[in-house]
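Engineer: Got a structure for you, written out below as structure tokens; questions coming shortly.
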Amino acid sequence: METKNQDRISELVEKQKDTYTSMADEIWGYAEPRFQEYESSRVQQEYLASRGFSIRADLAGEKTAFIAEWGSGKPVLAFLGEFDALSSLQQEADCTERRPIAGKTDGHGCGHHLLGTASVAAVDALKSYMEEKDLKGTIRYYGCPAEENAGGKAYLVRDGYFNDCDIAITWHPSTTNKTMGDDKFLANFRVFFTFHGISSHAAGAPELGRSALDAVEIMDIGVNYMREHMIDAARVHGAITNSGGTAPNVIPAEAQILYAIRAPKVTQVKKLYERMCDIAKGAALITGTTVDIKQVAAYSNLINNDTLADLVQENLEHVVPIGYTEEELAYAKKFQGVITELDKEGMKDQAAVIGGKEHKQELLEQPMWDLIVDKNSAYGGGGSTDVGDVSWVVPTAQVYTSCYAAGTALHSWQAVAQGKSSIAHKGMLAAAKVMAYVGAELLLNPELIEKAKADWKEELDGETYPNPLPADLKPSIW
């Protein structure tokens with residue numbers, strides 16, 4: 001794409017930047033958890049409707065999901081947004097000590113207030129650009145709820161809302177600037193195992209009781225033994241969500257454990273899940289209890305796309321370095337001083353991968369990493385994203401931009417505290433520009449879309465979307 005086109009799109013984003021930063025800050029303040037992002041969704045719907053987009057809302061059983069659409073015909077470009085917050089991360093803005101906000105329970109620790117807003121900005125600017133250039137095609141913003149812990153996009157994929165899309169484009173706040181190269185996101189199931197027993201007095205009539213908590217503990221022991229016999233890249237982690245009460249002299253009649261089951265491929269997760277179901281049934285048999293098994297979320301592994309990754313990489317070069325003032329660098333330095341010791345160690349490992357031996361120390365001395373990371377750099381990993389489900393049905397591009405001080409863990413109060421800062425806003429606007437650049441280049445050069453589709457089919461190698469959600473599963477708050 002010619003530089004003058006990028007310059008014009010940048011101007012369009014900058015023209016509305018105060019609107020976008022205000023939107024992001026407003027959503028930061030709402031901090032609504034999964035499937036309850038009513039105000040956050042409303043703000044974006046109202047804005048895009050005012051800009052000439054048609055709105056379809058309440059999709060796939062998700063009250064806060066919506067699609068804002070403009071244009072007509074092919075190609076159809078989907079821009080993905082999110083707006084859900086994280087539990088128990090309420091935190092005052094710009095504060096370098098843990099200071100929860102009274103009356104709040106959640107906080108935007110993964111930057112989804114920035115994520116959705118930048119995608120809104122991208123489609124907003126791209127619409128204006130398409131009108132000026134008389135470009136044909138359809139652009140959509142997907143307001144996607146419940147990325148955290150519930151995989152909201154998987155429901156939208158299952159119900160066919162991406163079936164006619166040609167390309168999907170998204171991003172995520174980060175501490176680095178990078179394209180989605182060979183990133184490894186793990187497929188992930190979330191499953192509740194609820195055991196039912198018989199309550200009795202633990203001293204007076206223990207022989208009459210059947211402990212549901214015993215069943216949970218025995219299941220967890222079985223899962224621990226299973227860990228010896230699964231692939232190294234797999235992960236299983238659990239939390240007892242109902243211990244059956246607090247009275248030690250009462251045998252618990254009900255107890256529950258929630259597991260996250262992860263592996264590089266969704267088919268591998270499914271096999272682990274089946275083994276864990278057998279363990280649960282065995283624990284129930286041992287304890288004389290029964291068990292109900294309910295899968296509540298599924299995330300598929302991500303299908304990478306070289307053509308789109310290269311396109312993102314090229315366009316990142318037009319916004320990076322982002323550029324920070326001395327005041328912004330000092331602000332970031334303050335937050336680097338309050339990250340955990342473990343995060344500081346992780347930062348050293350990350351700097352070694354990104355900069356190599358010769359630049360590691362240089363990076364560690366910089367409060368903001370204002371450079372483009374090689375797309376093939378591999379560090380971290382182990383997380384999951386429902387963008388993976390989208391990538392199974394449409395070629396998907398993803399970019400990361402630096403919105404937080406280097407070393408900041410995203411799921412932390414330190415990230416929440418930085419979420420309304422000018423460095424967060426700059427990263428958000430940079431991401432909006434890159435996504436709009438990519439969208440414009442695809443519209444101007446449709447052969448790139450066909451090339452991306454060819455890459456996608458080659459990467460799938462004959463596999464089709466595994467659709468890991470149970471057919472009868474509905475989105476729910478749990």
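Letters A, B, ... go to the chains of the structure tokens in the order shown; residues in each chain start at 1; ligands are counted from 1 in the same order.
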Can you check which parts of stretch 435-454 of chain A lie within 12 Å of stretch 385-394 of chain A? Per residue, the shortest pair of atoms and distance in Å to one decimal, counting only C-alpha atoms, sorted by chain and number, as JSON lines.
Structural biologist:
```
{"residue": "A:Ile449", "atom": "CA", "partner": "A:Val394", "partner_atom": "CA", "distance": 10.8}
{"residue": "A:Glu450", "atom": "CA", "partner": "A:Val394", "partner_atom": "CA", "distance": 11.8}
{"residue": "A:Ala452", "atom": "CA", "partner": "A:Val394", "partner_atom": "CA", "distance": 9.6}
{"residue": "A:Lys453", "atom": "CA", "partner": "A:Val394", "partner_atom": "CA", "distance": 8.0}
{"residue": "A:Ala454", "atom": "CA", "partner": "A:Val394", "partner_atom": "CA", "distance": 11.2}
```
Engineer: Using only C-alpha atoms, what table do you get, as JSON lines, when you list each residue of stretch 84-203 of chain A with an atom no more than 6 Å from stretch 305-320 of chain A, its nearest pair of atoms, and their distance in Å rounded to one decimal, rows by chain then rising number?
Structural biologist:
```
{"residue": "A:Thr179", "atom": "CA", "partner": "A:Gln313", "partner_atom": "CA", "distance": 5.8}
{"residue": "A:Met180", "atom": "CA", "partner": "A:Ala309", "partner_atom": "CA", "distance": 6.0}
{"residue": "A:Gly181", "atom": "CA", "partner": "A:Ala309", "partner_atom": "CA", "distance": 5.9}
```
Engineer: Store the residues picked out above in a file with N, CA, C and O atoms, as a compact mmCIF listing (two decimals), in the first residue's frame.
Structural biologist:
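This went into part_14.txt:
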```txt
# COMPACT_ATOMS: atom_id res chain seq x y z
N THR A 179 3.80 -9.07 15.36
CA THR A 179 2.74 -9.75 14.65
C THR A 179 2.58 -11.17 15.19
O THR A 179 3.50 -11.70 15.82
N MET A 180 1.41 -11.74 14.95
CA MET A 180 1.19 -13.14 15.32
C MET A 180 1.93 -13.99 14.30
O MET A 180 1.46 -14.20 13.19
N GLY A 181 3.10 -14.45 14.67
CA GLY A 181 3.88 -15.31 13.80
C GLY A 181 3.55 -16.75 14.09
O GLY A 181 2.44 -17.22 13.86
```
Engineer: I'd like the interatomic distance between atom CA of A:Gly29 and atom CA of A:Ile9, to a tenth of an Å.
Structural biologist: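 Computing it gives 28.7 Å between the two atoms.
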Engineer: Counting only C-alpha atoms, which residue out of A:Leu89, A:Ala263, A:Ile139, A:Ala31 sits closest to A:Lys127?
Structural biologist: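 Of all the options, A:Ile139 lies closest to A:Lys127.
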Engineer: Could you work out how far atom CA of A:Lys474 lies from atom CA of A:Ala24, giving the answer in Å with one decimal?
Structural biologist: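 Going from atom CA of A:Ala24 over to atom CA of A:Lys474 covers 29.0 Å.
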Engineer: Write out as a list in words the residues lying within 6 Å of stretch 78-81 of chain A, counting only C-alpha atoms and excluding same-chain residues fewer than 3 positions away.
Structural biologist: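 Answer for this query is Leu115, Gly116, Ser119, Arg140, Tyr141, Tyr142, Gly143, Cys144, Ala168, Ile169 and Thr170 of chain A.
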Engineer: Any chance you can output those residues with N, CA and C atoms as an mmCIF file, in the first residue's frame?
Structural biologist:
```
data_model
loop_
_atom_site.group_PDB
_atom_site.id
_atom_site.type_symbol
_atom_site.label_atom_id
_atom_site.label_comp_id
_atom_site.auth_asym_id
_atom_site.auth_seq_id
_atom_site.Cartn_x
_atom_site.Cartn_y
_atom_site.Cartn_z
ATOM 1 N N LEU A 115 -8.713 -3.141 23.659
ATOM 2 C CA LEU A 115 -8.823 -4.069 22.533
ATOM 3 C C LEU A 115 -10.051 -3.751 21.671
ATOM 4 N N GLY A 116 -11.222 -3.736 22.294
ATOM 5 C CA GLY A 116 -12.428 -3.462 21.530
ATOM 6 C C GLY A 116 -12.425 -2.073 20.939
ATOM 7 N N SER A 119 -10.346 -1.713 17.737
ATOM 8 C CA SER A 119 -11.011 -2.325 16.584
ATOM 9 C C SER A 119 -12.168 -1.454 16.101
ATOM 10 N N ARG A 140 -16.919 -5.338 9.041
ATOM 11 C CA ARG A 140 -17.709 -5.636 10.232
ATOM 12 C C ARG A 140 -16.860 -5.518 11.488
ATOM 13 N N TYR A 141 -17.485 -4.990 12.519
ATOM 14 C CA TYR A 141 -16.906 -5.067 13.852
ATOM 15 C C TYR A 141 -17.706 -6.083 14.645
ATOM 16 N N TYR A 142 -17.002 -7.068 15.184
ATOM 17 C CA TYR A 142 -17.630 -8.088 16.027
ATOM 18 C C TYR A 142 -17.378 -7.746 17.492
ATOM 19 N N GLY A 143 -18.428 -7.339 18.184
ATOM 20 C CA GLY A 143 -18.335 -7.131 19.622
ATOM 21 C C GLY A 143 -18.441 -8.475 20.321
ATOM 22 N N CYS A 144 -17.318 -8.969 20.808
ATOM 23 C CA CYS A 144 -17.239 -10.355 21.305
ATOM 24 C C CYS A 144 -17.141 -10.374 22.830
ATOM 25 N N ALA A 168 -10.272 -12.268 8.959
ATOM 26 C CA ALA A 168 -10.500 -11.695 10.287
ATOM 27 C C ALA A 168 -9.221 -10.982 10.734
ATOM 28 N N ILE A 169 -9.400 -9.832 11.394
ATOM 29 C CA ILE A 169 -8.272 -9.008 11.836
ATOM 30 C C ILE A 169 -8.497 -8.636 13.294
ATOM 31 N N THR A 170 -7.476 -8.804 14.111
ATOM 32 C CA THR A 170 -7.615 -8.464 15.522
ATOM 33 C C THR A 170 -6.263 -8.067 16.093
#
```
Engineer: I need the residue nearest A:Ala440 from this list: A:Ala60, A:Leu135, A:Ala102, A:Met428. Use only C-alpha atoms for the distance.
Structural biologist: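 Looking only at the distances to A:Ala440, the closest residue turns out to be A:Leu135.
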Engineer: If you run DSSP over the backbone, which residues in stretch 50-205 of chain A end up strand (DSSP E)? Put them as number ranges by chain.
Structural biologist: A: 54-59, 62-72, 76-82, 86-87, 106-107, 137-144, 167-174, 178-179, 187-196
Engineer: Check the smallest atom-to-atom distance from each of A:Arg262, A:Lys334, A:Lys451, A:Arg190 to A:Gln295 using only C-alpha atoms, then report the winner.
Structural biologist: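 Ranking A:Arg262, A:Lys334, A:Lys451, A:Arg190 by distance to A:Gln295, first place goes to A:Arg190.
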Engineer: I need the residues of stretch 124-337 of chain A that end up classed as helix (DSSP H, G or I) by DSSP on the backbone, written out as a PyMOL selection string.
Structural biologist: chain A and resi 124-133+147-150+152-158+206-208+212-229+266-287+306-316+326-336
Engineer: Tell me which of A:Met230, A:Ala247, A:Met219, A:Leu48 sits closest to A:Ser199, counting only C-alpha atoms.
Structural biologist: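 Of A:Met230, A:Ala247, A:Met219, A:Leu48, the one nearest A:Ser199 is A:Ala247, counting only C-alpha atoms.
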Engineer: Restricting the calculation to only C-alpha atoms, which member of A:Ala125, A:Ala253, A:Leu443, A:Ile477 is positioned closest to A:Gly209?
Structural biologist: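 When distances to A:Gly209 are compared using only C-alpha atoms, the smallest one comes from A:Ala253.
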Engineer: Between A:Asp124, A:Asp292, A:Asp166, A:Glu228, which is the closest to A:Phe193 once you count only C-alpha atoms?
Structural biologist: A:Asp292
